[in-house]
file structure37.cif (mmCIF, C-alpha atoms)
data_coords
#
loop_
_atom_site.label_atom_id
_atom_site.label_comp_id
_atom_site.auth_asym_id
_atom_site.auth_seq_id
_atom_site.Cartn_x
_atom_site.Cartn_y
_atom_site.Cartn_z
CA MET A 1 22.73 -129.67 55.94
CA ASN A 2 21.37 -127.95 52.85
CA ILE A 3 19.63 -129.30 49.82
CA SER A 4 18.24 -127.81 46.64
CA VAL A 5 15.89 -129.70 44.38
CA GLU A 6 14.99 -128.39 40.93
CA LEU A 7 12.48 -130.12 38.71
CA HIS A 8 11.79 -129.19 35.09
CA GLN A 9 9.21 -130.78 32.87
CA THR A 10 11.03 -130.54 29.53
CA ASP A 11 8.31 -132.17 27.46
CA LEU A 12 5.12 -134.17 28.00
CA LEU A 13 6.97 -137.34 28.95
CA THR A 14 10.23 -136.09 30.48
CA VAL A 15 11.04 -134.59 33.86
CA ASN A 16 14.60 -133.49 34.57
CA GLY A 17 15.66 -133.08 38.17
CA ILE A 18 18.81 -131.65 39.66
CA ILE A 19 19.64 -132.26 43.31
CA LYS A 20 22.43 -130.39 45.06
CA GLY A 21 23.74 -130.71 48.61
CA GLU A 22 23.41 -133.39 51.27
CA ILE A 23 20.65 -135.96 51.49
CA ASP A 24 20.30 -137.08 55.10
CA ALA A 25 17.67 -137.38 57.82
CA PHE A 26 17.29 -133.58 57.92
CA THR A 27 16.94 -132.93 54.19
CA ALA A 28 15.21 -136.18 53.13
CA PRO A 29 11.68 -134.90 53.93
CA THR A 30 12.20 -131.90 51.59
CA LEU A 31 13.35 -134.21 48.79
CA ARG A 32 10.46 -136.61 49.38
CA GLU A 33 7.91 -133.78 49.17
CA LYS A 34 9.48 -132.39 46.00
CA LEU A 35 9.50 -135.78 44.27
CA ALA A 36 5.89 -136.36 45.31
CA GLU A 37 4.95 -133.26 43.29
CA ILE A 38 5.82 -135.07 40.06
CA ASP A 39 2.67 -136.18 38.30
CA LEU A 40 3.59 -139.81 37.52
CA LYS A 41 2.02 -141.37 34.46
CA GLU A 42 2.71 -144.18 32.04
CA ASN A 43 5.95 -143.84 30.06
CA LEU A 44 7.09 -140.77 31.94
CA GLN A 45 10.89 -140.52 32.11
CA VAL A 46 12.28 -139.00 35.29
CA ILE A 47 16.00 -138.24 35.05
CA ILE A 48 17.65 -137.04 38.24
CA ASP A 49 21.13 -135.59 38.26
CA LEU A 50 23.05 -136.28 41.48
CA THR A 51 26.39 -134.80 40.36
CA ASP A 52 26.33 -132.17 43.09
CA VAL A 53 25.15 -134.42 45.88
CA SER A 54 28.08 -134.47 48.30
CA TYR A 55 26.61 -136.90 50.81
CA MET A 56 23.75 -139.33 51.08
CA ASP A 57 22.89 -141.65 53.97
CA SER A 58 20.41 -144.50 54.26
CA THR A 59 17.50 -142.11 54.88
CA GLY A 60 18.27 -140.55 51.49
CA LEU A 61 18.38 -143.99 49.95
CA GLY A 62 14.96 -144.61 51.52
CA VAL A 63 13.53 -141.63 49.62
CA PHE A 64 14.69 -143.13 46.32
CA VAL A 65 13.39 -146.59 47.28
CA GLY A 66 9.97 -145.05 48.00
CA PHE A 67 10.04 -143.06 44.76
CA TYR A 68 11.16 -146.12 42.82
CA LYS A 69 8.14 -148.04 44.13
CA SER A 70 5.71 -145.33 42.98
CA ILE A 71 7.51 -145.10 39.64
CA ASN A 72 7.03 -148.84 39.13
CA ALA A 73 3.42 -148.73 40.20
CA SER A 74 2.69 -146.05 37.59
CA ASN A 75 4.78 -147.65 34.81
CA SER A 76 7.06 -144.68 34.58
CA HIS A 77 10.84 -144.85 34.53
CA MET A 78 13.52 -143.31 36.73
CA GLU A 79 17.15 -142.77 35.90
CA LEU A 80 19.74 -141.49 38.36
CA ILE A 81 22.79 -139.91 36.77
CA GLY A 82 26.06 -138.37 37.88
CA LEU A 83 26.68 -140.62 40.90
CA SER A 84 30.00 -140.07 42.66
CA SER A 85 32.01 -143.18 43.48
CA ARG A 86 30.80 -143.08 47.11
CA LEU A 87 27.18 -142.87 45.99
CA LYS A 88 27.72 -145.58 43.39
CA ARG A 89 29.13 -147.86 46.12
CA LEU A 90 26.05 -147.19 48.27
CA PHE A 91 23.71 -148.26 45.45
CA ASP A 92 25.89 -151.27 44.60
CA ILE A 93 26.20 -152.60 48.15
CA THR A 94 22.47 -152.29 48.77
CA GLY A 95 21.68 -154.13 45.54
CA LEU A 96 19.62 -151.13 44.39
CA GLY A 97 22.07 -150.59 41.54
CA GLU A 98 20.83 -153.88 40.06
CA ILE A 99 17.17 -152.90 39.95
CA MET A 100 17.45 -149.16 39.36
CA ASP A 101 18.81 -147.40 36.30
CA ILE A 102 21.91 -145.61 37.62
CA GLN A 103 24.86 -143.96 35.90
CA ALA A 104 28.12 -143.01 37.56
CA SER A 105 29.41 -139.53 36.81
CA SER A 106 31.38 -139.53 33.56
CA GLY A 107 34.93 -138.29 33.21
CA GLU A 108 36.68 -137.20 36.34
CA VAL A 109 35.29 -138.83 39.44
CA LYS A 110 34.28 -136.16 41.84
CA ILE A 111 34.38 -137.05 45.53
CA ASP A 112 33.78 -134.42 48.11
CA GLU A 113 35.15 -135.80 51.35
CA THR A 114 35.06 -132.55 53.26
CA VAL A 115 31.43 -132.49 54.26
CA MET B 1 1.93 -117.64 101.79
CA GLU B 2 1.42 -115.51 104.91
CA GLU B 3 4.80 -116.49 106.20
CA PHE B 4 6.33 -115.64 102.90
CA LYS B 5 4.68 -112.22 102.86
CA LYS B 6 6.20 -111.48 106.27
CA GLN B 7 9.58 -112.62 105.13
CA TYR B 8 9.41 -110.47 102.01
CA LYS B 9 8.34 -107.41 103.93
CA LYS B 10 11.27 -107.83 106.29
CA ILE B 11 13.77 -108.08 103.44
CA LEU B 12 12.26 -105.05 101.72
CA GLU B 13 12.31 -103.04 104.91
CA GLN B 14 15.97 -103.83 105.48
CA TYR B 15 16.89 -102.96 101.92
CA ILE B 16 15.09 -99.62 101.96
CA LEU B 17 16.90 -98.82 105.19
CA LYS B 18 20.30 -99.88 103.93
CA GLN B 19 21.18 -100.84 100.33
CA THR B 20 23.88 -103.42 101.07
CA GLU B 21 25.01 -106.38 98.96
CA HIS B 22 23.91 -108.69 101.75
CA ASN B 23 20.36 -107.35 101.75
CA LEU B 24 20.17 -107.69 97.98
CA TYR B 25 21.39 -111.26 98.22
CA GLU B 26 18.47 -112.06 100.55
CA GLY B 27 16.21 -111.15 97.64
CA GLN B 28 17.99 -113.66 95.41
CA ASN B 29 17.54 -116.35 98.01
CA ILE B 30 13.86 -115.76 98.37
CA SER B 31 13.29 -115.95 94.60
CA ARG B 32 14.48 -119.57 94.70
CA GLN B 33 11.81 -120.40 97.25
CA LEU B 34 9.21 -118.56 95.15
CA ILE B 35 9.92 -120.66 92.11
CA GLN B 36 9.84 -123.85 94.16
CA LYS B 37 6.44 -122.94 95.58
CA ASN B 38 5.05 -122.01 92.14
CA ILE B 39 4.33 -118.40 93.08
CA SER B 40 3.70 -116.43 89.90
CA PRO B 41 5.46 -113.14 88.97
CA GLU B 42 2.27 -111.10 89.30
CA GLU B 43 1.72 -112.46 92.81
CA VAL B 44 5.22 -111.36 93.76
CA ILE B 45 4.45 -107.83 92.58
CA SER B 46 1.20 -107.81 94.56
CA ILE B 47 3.16 -108.78 97.65
CA HIS B 48 5.71 -106.11 96.90
CA LYS B 49 3.00 -103.49 96.55
CA ALA B 50 1.26 -104.52 99.80
CA SER B 51 4.54 -104.61 101.72
CA LEU B 52 5.53 -101.21 100.42
CA GLU B 53 2.19 -99.71 101.45
CA GLU B 54 2.68 -101.06 104.96
CA ILE B 55 6.25 -99.84 105.24
CA MET B 56 5.68 -96.40 103.74
CA SER B 57 2.39 -94.94 104.92
CA ASP B 58 2.97 -91.81 102.86
CA LEU B 59 3.44 -93.72 99.57
CA ASP B 60 2.48 -91.63 96.60
CA GLY B 61 -0.85 -92.64 95.01
CA ASP B 62 0.60 -92.54 91.49
CA VAL B 63 3.30 -95.01 92.46
CA GLN B 64 0.67 -97.34 93.91
CA HIS B 65 -1.31 -97.26 90.67
CA SER B 66 1.77 -97.99 88.63
CA PHE B 67 2.05 -101.37 90.39
CA ASP B 68 -1.43 -102.33 89.20
CA LEU B 69 -0.28 -101.82 85.63
CA LEU B 70 2.86 -103.84 86.26
CA ILE B 71 0.76 -106.69 87.70
CA GLU B 72 -1.31 -106.75 84.49
CA VAL B 73 1.83 -106.81 82.40
CA MET B 74 3.26 -109.74 84.36
CA ILE B 75 0.20 -112.00 84.04
CA ARG B 76 1.34 -113.41 80.66
CA TYR B 77 4.76 -114.14 82.11
CA GLY B 78 3.04 -116.10 84.84
CA LEU B 79 1.13 -118.17 82.28
CA ALA B 80 4.28 -118.79 80.23
CA LEU B 81 6.00 -120.03 83.37
CA LYS B 82 3.17 -122.46 84.12
CA GLU B 83 3.28 -123.75 80.54
CA HIS B 84 7.02 -124.24 80.82
CA GLN B 85 6.60 -126.23 84.01
CA THR B 86 3.96 -128.46 82.42
CA LEU B 87 6.26 -129.10 79.46
CA ILE B 88 9.11 -130.09 81.73
CA GLN B 89 6.81 -132.54 83.48
CA LYS B 90 5.68 -133.97 80.13
CA GLN B 91 9.24 -134.28 78.93
CA GLN B 92 10.17 -136.19 82.06
CA ASN B 93 7.27 -138.58 81.45
CA ILE B 94 8.35 -139.15 77.84
CA LYS B 95 11.89 -139.77 78.94
CA MET B 96 10.70 -142.35 81.44
CA GLU B 97 8.61 -144.09 78.78
CA MET B 98 11.58 -144.13 76.44
CA GLU B 99 13.70 -145.77 79.11
CA LEU B 100 11.04 -148.40 79.67
CA ALA B 101 10.76 -149.01 75.91
CA ALA B 102 14.53 -149.32 75.63
CA ASN B 103 14.43 -151.92 78.41
CA VAL B 104 11.70 -153.87 76.64
CA GLN B 105 13.77 -153.77 73.48
CA GLN B 106 16.85 -155.00 75.27
CA THR B 107 14.96 -157.96 76.69
CA LEU B 108 13.39 -158.69 73.31
CA LEU B 109 16.70 -158.65 71.50
CA LYS B 110 18.78 -160.46 74.06
CA THR B 111 21.07 -162.93 72.35
CA LYS B 112 23.38 -165.52 73.80
CA VAL B 113 26.92 -165.57 72.52
CA PRO B 114 27.76 -169.22 71.69
CA LYS B 115 30.60 -170.69 73.72
CA GLU B 116 32.51 -173.99 73.78
CA ILE B 117 33.10 -174.01 70.06
CA ASP B 118 36.18 -173.46 67.93
CA LEU B 119 35.26 -169.79 67.44
CA ASP B 120 36.17 -166.86 69.60
CA ILE B 121 33.24 -164.42 69.30
CA GLY B 122 33.20 -160.72 70.17
CA ILE B 123 30.15 -158.47 69.92
CA ILE B 124 29.41 -154.83 70.64
CA THR B 125 26.24 -152.92 69.79
CA VAL B 126 25.77 -149.32 70.91
CA PRO B 127 22.71 -147.26 69.95
CA ALA B 128 23.13 -143.59 69.02
CA LYS B 129 19.92 -142.73 70.93
CA GLU B 130 17.99 -144.72 73.55
CA MET B 131 16.59 -147.23 71.07
CA ASN B 132 18.74 -149.35 68.78
CA GLY B 133 18.07 -149.69 65.04
CA ASP B 134 20.82 -152.28 64.73
CA TYR B 135 20.28 -155.94 65.36
CA ALA B 136 22.63 -158.81 66.03
CA HIS B 137 21.46 -162.28 66.86
CA PHE B 138 23.01 -165.73 67.21
CA LEU B 139 21.55 -169.14 66.47
CA HIS B 140 23.47 -172.10 67.82
CA ASP B 141 23.35 -175.88 67.92
CA ASN B 142 26.01 -178.59 68.31
CA THR B 143 27.50 -178.18 64.85
CA HIS B 144 26.46 -174.73 63.57
CA VAL B 145 26.57 -171.12 64.60
CA GLY B 146 24.33 -168.66 62.78
CA ILE B 147 24.84 -164.91 62.98
CA ALA B 148 22.46 -162.22 61.78
CA VAL B 149 23.55 -158.57 61.63
CA ALA B 150 20.92 -156.11 60.44
CA ASP B 151 20.44 -152.39 60.23
CA VAL B 152 17.05 -150.72 59.94
CA ILE B 153 16.97 -147.44 58.04
CA GLY B 154 16.76 -144.52 60.40
CA LYS B 155 17.21 -144.45 64.14
CA GLY B 156 15.16 -144.32 67.30
CA ILE B 157 11.67 -145.66 67.91
CA PRO B 158 10.51 -146.31 64.31
CA ALA B 159 13.65 -148.34 63.61
CA ALA B 160 13.30 -150.24 66.86
CA LEU B 161 9.68 -151.18 66.14
CA CYS B 162 10.58 -152.34 62.67
CA MET B 163 13.33 -154.48 64.06
CA SER B 164 11.06 -156.68 66.12
CA MET B 165 9.92 -158.09 62.73
CA ILE B 166 13.36 -159.54 62.12
CA LYS B 167 13.32 -161.08 65.56
CA TYR B 168 10.07 -162.93 64.85
CA GLY B 169 11.32 -163.94 61.42
CA MET B 170 14.44 -165.39 63.00
CA ASP B 171 12.41 -167.22 65.63
CA SER B 172 10.39 -168.92 62.89
CA LEU B 173 13.52 -170.54 61.42
CA ASP B 174 14.29 -174.20 61.90
CA GLY B 175 17.63 -173.66 63.53
CA ALA B 176 21.25 -172.79 63.08
CA GLU B 177 21.66 -175.13 60.13
CA THR B 178 19.38 -173.11 57.82
CA ASP B 179 21.11 -171.79 54.71
CA PRO B 180 21.75 -168.01 54.67
CA VAL B 181 19.83 -167.53 51.39
CA ILE B 182 16.77 -169.17 52.93
CA VAL B 183 17.02 -167.04 56.07
CA LEU B 184 17.12 -163.85 53.99
CA ASP B 185 14.30 -165.00 51.74
CA VAL B 186 12.01 -165.77 54.72
CA ILE B 187 12.71 -162.44 56.38
CA ASN B 188 12.39 -160.46 53.15
CA ARG B 189 8.89 -161.87 52.63
CA ILE B 190 7.87 -160.82 56.15
CA VAL B 191 9.43 -157.37 55.90
CA GLU B 192 8.23 -156.61 52.37
CA LYS B 193 4.61 -157.14 53.40
CA SER B 194 4.84 -155.00 56.49
CA VAL B 195 6.96 -151.92 55.87
CA SER B 196 6.10 -148.53 54.44
CA ASP B 197 7.44 -147.52 51.03
CA SER B 198 10.60 -145.74 52.05
CA MET B 199 11.50 -148.17 54.82
CA PHE B 200 14.02 -150.96 54.38
CA ILE B 201 16.45 -153.15 56.27
CA SER B 202 19.90 -154.31 55.29
CA MET B 203 20.95 -157.66 56.67
CA PHE B 204 23.89 -160.00 56.60
CA TYR B 205 23.55 -163.64 57.55
CA GLY B 206 26.44 -166.01 58.12
CA LYS B 207 26.54 -169.65 59.16
CA TYR B 208 29.62 -171.35 60.53
CA ASP B 209 29.87 -175.12 60.22
CA THR B 210 32.19 -176.39 62.95
CA SER B 211 32.72 -179.77 61.27
CA LYS B 212 34.23 -178.17 58.14
CA SER B 213 35.42 -174.82 59.58
CA GLU B 214 33.36 -173.32 56.80
CA PHE B 215 31.67 -169.92 56.91
CA THR B 216 28.75 -169.58 54.49
CA TYR B 217 27.10 -166.22 54.00
CA ALA B 218 24.63 -164.11 52.08
CA SER B 219 23.74 -160.45 52.18
CA ALA B 220 20.61 -158.37 51.68
CA GLY B 221 22.18 -155.07 50.72
CA HIS B 222 24.34 -155.04 53.82
CA GLU B 223 27.80 -153.56 54.33
CA PRO B 224 30.21 -156.38 53.29
CA PRO B 225 32.09 -157.99 56.20
CA LEU B 226 35.86 -157.99 56.23
CA PHE B 227 37.73 -161.27 56.17
CA TYR B 228 41.21 -161.29 57.65
CA CYS B 229 43.50 -164.02 56.40
CA SER B 230 46.17 -164.62 59.01
CA GLU B 231 48.52 -166.41 56.58
CA THR B 232 48.76 -163.45 54.19
CA SER B 233 48.01 -160.79 56.86
CA SER B 234 45.48 -159.17 54.55
CA PHE B 235 41.85 -158.12 54.50
CA THR B 236 39.28 -158.83 51.79
CA GLU B 237 35.63 -157.82 51.57
CA LEU B 238 33.15 -160.71 51.68
CA GLN B 239 30.87 -159.60 48.89
CA ALA B 240 27.61 -161.29 48.07
CA LYS B 241 24.98 -159.78 45.83
CA GLY B 242 21.49 -159.27 47.15
CA LEU B 243 18.90 -156.53 47.44
CA LEU B 244 17.85 -154.81 50.67
CA LEU B 245 14.97 -156.40 52.59
CA GLY B 246 11.55 -154.87 52.02
CA VAL B 247 11.94 -153.46 48.50
CA ILE B 248 10.49 -156.24 46.33
CA PRO B 249 8.99 -159.63 47.29
CA ASN B 250 11.09 -162.05 45.23
CA VAL B 251 14.81 -161.53 45.50
CA LYS B 252 17.57 -163.86 44.44
CA TYR B 253 20.36 -163.83 47.00
CA GLU B 254 23.86 -165.01 46.26
CA GLN B 255 25.51 -167.41 48.71
CA GLN B 256 29.26 -167.76 49.19
CA SER B 257 31.57 -169.82 51.42
CA ILE B 258 35.06 -169.50 52.81
CA THR B 259 37.13 -171.77 55.02
CA LEU B 260 38.48 -170.30 58.25
CA ASN B 261 41.97 -171.33 59.33
CA LYS B 262 43.51 -170.73 62.74
CA GLY B 263 43.89 -166.98 63.39
CA ASP B 264 41.56 -165.98 60.52
CA PHE B 265 38.63 -163.81 61.44
CA VAL B 266 35.49 -162.26 59.96
CA VAL B 267 34.43 -158.74 60.97
CA MET B 268 30.72 -158.06 60.54
CA MET B 269 29.39 -154.54 61.02
CA THR B 270 26.70 -151.99 60.34
CA ASP B 271 27.16 -148.65 58.56
CA GLY B 272 27.59 -146.97 61.94
CA VAL B 273 31.11 -148.39 61.65
CA THR B 274 31.87 -147.58 58.02
CA GLU B 275 30.13 -144.20 57.87
CA CYS B 276 32.16 -142.72 60.73
CA ARG B 277 33.06 -139.11 60.06
CA SER B 278 35.77 -137.05 61.67
CA LYS B 279 36.42 -133.34 61.16
CA GLU B 280 38.60 -134.18 58.16
CA GLY B 281 35.88 -136.24 56.42
CA PHE B 282 34.94 -139.90 56.28
CA ILE B 283 37.13 -142.34 58.12
CA GLU B 284 38.57 -144.55 55.41
CA GLN B 285 38.12 -148.30 55.32
CA LYS B 286 41.92 -148.60 55.41
CA THR B 287 41.99 -146.78 58.77
CA ILE B 288 39.42 -149.20 60.18
CA MET B 289 41.42 -152.17 58.88
CA ASP B 290 44.59 -150.82 60.49
CA ILE B 291 42.81 -150.36 63.81
CA ILE B 292 41.54 -153.95 63.71
CA GLU B 293 44.86 -155.40 62.61
CA ASN B 294 46.62 -153.70 65.54
CA VAL B 295 44.69 -155.89 67.96
CA ARG B 296 44.37 -159.07 65.88
CA ASP B 297 46.03 -161.21 68.57
CA GLN B 298 43.66 -160.07 71.33
CA PRO B 299 40.51 -161.99 72.31
CA ALA B 300 37.58 -161.14 69.98
CA GLN B 301 35.61 -159.29 72.67
CA GLU B 302 38.58 -157.04 73.43
CA MET B 303 39.03 -156.43 69.70
CA VAL B 304 35.47 -155.13 69.15
CA GLU B 305 35.64 -152.93 72.23
CA TYR B 306 38.98 -151.51 71.16
CA VAL B 307 37.68 -150.70 67.66
CA PHE B 308 34.60 -148.99 69.11
CA HIS B 309 36.63 -146.81 71.48
CA LYS B 310 39.19 -145.96 68.83
CA LEU B 311 36.51 -144.87 66.33
CA GLU B 312 34.66 -142.99 69.06
CA GLU B 313 37.88 -141.09 69.71
CA LEU B 314 38.39 -140.31 66.00
CA GLN B 315 34.84 -138.92 65.82
CA ASP B 316 35.38 -136.68 68.85
CA PHE B 317 33.01 -138.86 70.88
CA GLU B 318 30.02 -137.83 68.80
CA GLN B 319 28.21 -141.01 67.76
CA ARG B 320 25.87 -140.26 64.86
CA ASP B 321 24.53 -143.70 64.09
CA ASP B 322 23.88 -147.01 65.83
CA PHE B 323 27.09 -149.00 65.96
CA THR B 324 27.39 -152.79 65.80
CA LEU B 325 30.47 -154.90 65.36
CA VAL B 326 30.79 -158.70 65.56
CA ILE B 327 33.98 -160.70 65.19
CA PHE B 328 34.21 -164.45 64.53
CA LYS B 329 37.76 -165.62 65.09
CA LYS B 330 38.87 -169.17 64.40
CA ILE B 331 40.84 -170.70 67.27
#

call {"tool": "encode", "arguments": {"input": "structure37.cif", "output": "structure tokens"}}
result
Amino acid sequence: MNISVELHQTDLLTVNGIIKGEIDAFTAPTLREKLAEIDLKENLQVIIDLTDVSYMDSTGLGVFVGFYKSINASNSHMELIGLSSRLKRLFDITGLGEIMDIQASSGEVKIDETV
Amino acid sequence: MEEFKKQYKKILEQYILKQTEHNLYEGQNISRQLIQKNISPEEVISIHKASLEEIMSDLDGDVQHSFDLLIEVMIRYGLALKEHQTLIQKQQNIKMEMELAANVQQTLLKTKVPKEIDLDIGIITVPAKEMNGDYAHFLHDNTHVGIAVADVIGKGIPAALCMSMIKYGMDSLDGAETDPVIVLDVINRIVEKSVSDSMFISMFYGKYDTSKSEFTYASAGHEPPLFYCSETSSFTELQAKGLLLGVIPNVKYEQQSITLNKGDFVVMMTDGVTECRSKEGFIEQKTIMDIIENVRDQPAQEMVEYVFHKLEELQDFEQRDDFTLVIFKKI
């Protein structure tokens, strides 16, 4: 039930984020608050690495849906990278994979089933 | 109070005279009555002090004073106790309101399982808490059976409130003959206007045409149902592309159809079924398929109940999410 969210503004128009841990009803509020700290503006690129996210439920998905809406409203762009096959399936089933820019983790597919 | 004082004095007198287990036990008994009658800790010490003064006329003055200090010290404990009692009362009120709300919800979401058709239908829906964030509803006329299975993000009261929107959306439809893509489009427009940014609903809608034994379906980001083909004894996922309800206003949903032959069945569910976790990790889809296949010859209602109990067992009887399972079996 732990999460860590790191955000780095690498240049004027790029924010890199790294999320580690589980995204569920307990940790989703922390993630939502962190993402809300990003100062969204036109042409801003937000790239979030989910390689070390071992579990995400629908509440977690809700955080990204909310963030996606604010990204669109401000004409910025969001990219989610490093999705495990379980996470990828979640985005595909919900149809979010069609409207969001998502990338499955490259190379060896990492699935942590022991959470 | 007076009676209690007398009683206390008697117990104290006996104990000072003889320190037996029995006399101590009397003290335990009286503390139960004290709590019941809301007598605060500082009052008990006052009574103790007064009783002691009466019993021992030569009581040392210093000892008497020490009780006054103890009374002061206990006052906060008395207040904390009162607060605790108020909270318990409040909690009981909330619990009662929740039960009432859950009843209202059950009435609101009542659905009649269609009978006298060439489908054997089983349905089970069990909330994780008092209120259910899952929704299953049937539409039925002479030739068609419609089934909606939806899951609102989150659990409890917020999910339950959000769900009444689907109910009213469904009620506004023309009837069981409506195409699944139209059903989803209508409900998406209602939901999209009314939900907060991080809220959404996943929904599956299927329509069975009795004249052609055809099952037509569409999905708004919902867990794909499983189709069991009795001829090949195999499962396939009924996939149909479509975005969750409530994310954007105009969504293109994909519609698909299959023909059901005797013994074939469709298993519709929410993620409370697929996201089951045991100590060893997620319960695999294959495990769920095996469980269902074991009881494929049973009536549909017995099938859904069996699957629920089996998964409950695998999860050590700890249900994390609302659970809904519907089976349409062709007879």

call {"tool": "closest_atom_pairs", "arguments": {"input": "structure37.cif", "of": "segment 137-198 of chain B", "to": "segment 68-82 of chain A", "cutoff": "12 Å", "atoms": "only C-alpha atoms", "output": "tab-separated table"}}
result
residue	atom	partner	partner_atom	distance
B:Glu192	CA	A:Lys69	CA	11.9
B:Ser196	CA	A:Lys69	CA	10.5
B:Asp197	CA	A:Lys69	CA	7.0
B:Ser198	CA	A:Lys69	CA	8.6

call {"tool": "resolve_selection", "arguments": {"input": "structure37.cif", "expression": "the PyMOL selection byres ((chain B) within 6 of (chain A))", "output": "mmCIF file with C-alpha atoms, in the coordinates of the input"}}
result
data_model
loop_
_atom_site.group_PDB
_atom_site.id
_atom_site.type_symbol
_atom_site.label_atom_id
_atom_site.label_comp_id
_atom_site.auth_asym_id
_atom_site.auth_seq_id
_atom_site.Cartn_x
_atom_site.Cartn_y
_atom_site.Cartn_z
ATOM 1 C CA ILE B 153 16.970 -147.440 58.040
ATOM 2 C CA ASP B 197 7.440 -147.520 51.030
ATOM 3 C CA SER B 198 10.600 -145.740 52.050
ATOM 4 C CA MET B 199 11.500 -148.170 54.820
ATOM 5 C CA GLY B 221 22.180 -155.070 50.720
ATOM 6 C CA GLY B 242 21.490 -159.270 47.150
ATOM 7 C CA LEU B 243 18.900 -156.530 47.440
ATOM 8 C CA LEU B 244 17.850 -154.810 50.670
ATOM 9 C CA GLY B 281 35.880 -136.240 56.420
#

call {"tool": "residues_around", "arguments": {"input": "structure37.cif", "residues": "segment 124-138 of chain B", "least_positions_apart": "6", "cutoff": "7 Å", "atoms": "only C-alpha atoms", "output": "compact mmCIF listing (two decimals) with C-alpha atoms, in the coordinates of the input"}}
result
# COMPACT_ATOMS: atom_id res chain seq x y z
CA ALA B 102 14.53 -149.32 75.63
CA THR B 111 21.07 -162.93 72.35
CA LYS B 112 23.38 -165.52 73.80
CA VAL B 113 26.92 -165.57 72.52
CA VAL B 145 26.57 -171.12 64.60
CA GLY B 146 24.33 -168.66 62.78
CA ILE B 147 24.84 -164.91 62.98
CA ALA B 148 22.46 -162.22 61.78
CA VAL B 149 23.55 -158.57 61.63
CA ALA B 150 20.92 -156.11 60.44
CA ASP B 151 20.44 -152.39 60.23
CA VAL B 152 17.05 -150.72 59.94
CA LYS B 155 17.21 -144.45 64.14
CA GLY B 156 15.16 -144.32 67.30
CA ILE B 157 11.67 -145.66 67.91
CA ALA B 159 13.65 -148.34 63.61
CA ALA B 160 13.30 -150.24 66.86
CA MET B 163 13.33 -154.48 64.06
CA VAL B 304 35.47 -155.13 69.15
CA GLU B 305 35.64 -152.93 72.23
CA GLN B 319 28.21 -141.01 67.76
CA ARG B 320 25.87 -140.26 64.86
CA ASP B 321 24.53 -143.70 64.09
CA ASP B 322 23.88 -147.01 65.83
CA PHE B 323 27.09 -149.00 65.96
CA THR B 324 27.39 -152.79 65.80
CA LEU B 325 30.47 -154.90 65.36
CA VAL B 326 30.79 -158.70 65.56

call {"tool": "residues_around", "arguments": {"input": "structure37.cif", "residues": "Arg189 of chain B", "least_positions_apart": "6", "cutoff": "8 Å", "atoms": "only C-alpha atoms", "output": "PyMOL selection string"}}
result
chain B and resi 246+249-250

call {"tool": "atom_distance", "arguments": {"input": "structure37.cif", "atom1": "atom CA of Ala28 of chain A", "atom2": "atom CA of Ile3 of chain A"}}
result
8.8 Å

call {"tool": "resolve_selection", "arguments": {"input": "structure37.cif", "expression": "the PyMOL selection byres ((chain B and resi 258) around 9)", "output": "PDB file with C-alpha atoms, in the coordinates of the input"}}
result
ATOM      1  CA  SER B 213      35.420-174.820  59.580  1.00  0.00           C
ATOM      2  CA  GLU B 214      33.360-173.320  56.800  1.00  0.00           C
ATOM      3  CA  PHE B 215      31.670-169.920  56.910  1.00  0.00           C
ATOM      4  CA  THR B 216      28.750-169.580  54.490  1.00  0.00           C
ATOM      5  CA  TYR B 217      27.100-166.220  54.000  1.00  0.00           C
ATOM      6  CA  GLN B 256      29.260-167.760  49.190  1.00  0.00           C
ATOM      7  CA  SER B 257      31.570-169.820  51.420  1.00  0.00           C
ATOM      8  CA  THR B 259      37.130-171.770  55.020  1.00  0.00           C
ATOM      9  CA  LEU B 260      38.480-170.300  58.250  1.00  0.00           C
TER      10      LEU B 260
END

call {"tool": "resolve_selection", "arguments": {"input": "structure37.cif", "expression": "the PyMOL selection byres ((chain B and resi 119-122) around 10)", "output": "MDAnalysis selection string"}}
result
chainID B and resid 113:118 123:124 145 208 210 213 260 262:263 265:267 299:305 325:331

call {"tool": "atom_distance", "arguments": {"input": "structure37.cif", "atom1": "atom CA of Leu139 of chain B", "atom2": "atom CA of Gly175 of chain B"}}
result
6.7 Å

call {"tool": "residues_near_point", "arguments": {"input": "structure37.cif", "point": "(20.7, -129.8, 40.5)", "cutoff": "9 Å", "atoms": "all atoms listed in the file", "output": "ChimeraX atom specification"}}
result
/A:4-7,17-21,48-53

call {"tool": "residues_around", "arguments": {"input": "structure37.cif", "residues": "segment 64-77 of chain B", "least_positions_apart": "4", "cutoff": "8 Å", "atoms": "all atoms listed in the file", "output": "PyMOL selection string"}}
result
chain B and resi 41-43+45-46+49+59-60+81

call {"tool": "closest_residue", "arguments": {"input": "structure37.cif", "among": "A:Met100, A:Ile23, A:Ala36, A:Val46", "to": "Asn2 of chain A", "atoms": "all atoms listed in the file"}}
result
A:Ile23

call {"tool": "residues_near_point", "arguments": {"input": "structure37.cif", "point": "(37.6, -160.4, 54.8)", "cutoff": "8 Å", "atoms": "all atoms listed in the file", "output": "list in words"}}
result
Pro225, Leu226, Phe227, Tyr228, Cys229, Ser234, Phe235, Thr236, Glu237, Leu238, Phe265, Val266 and Val267 of chain B

call {"tool": "atom_distance", "arguments": {"input": "structure37.cif", "atom1": "atom CA of Leu184 of chain B", "atom2": "atom CA of Leu161 of chain B"}}
result
19.1 Å
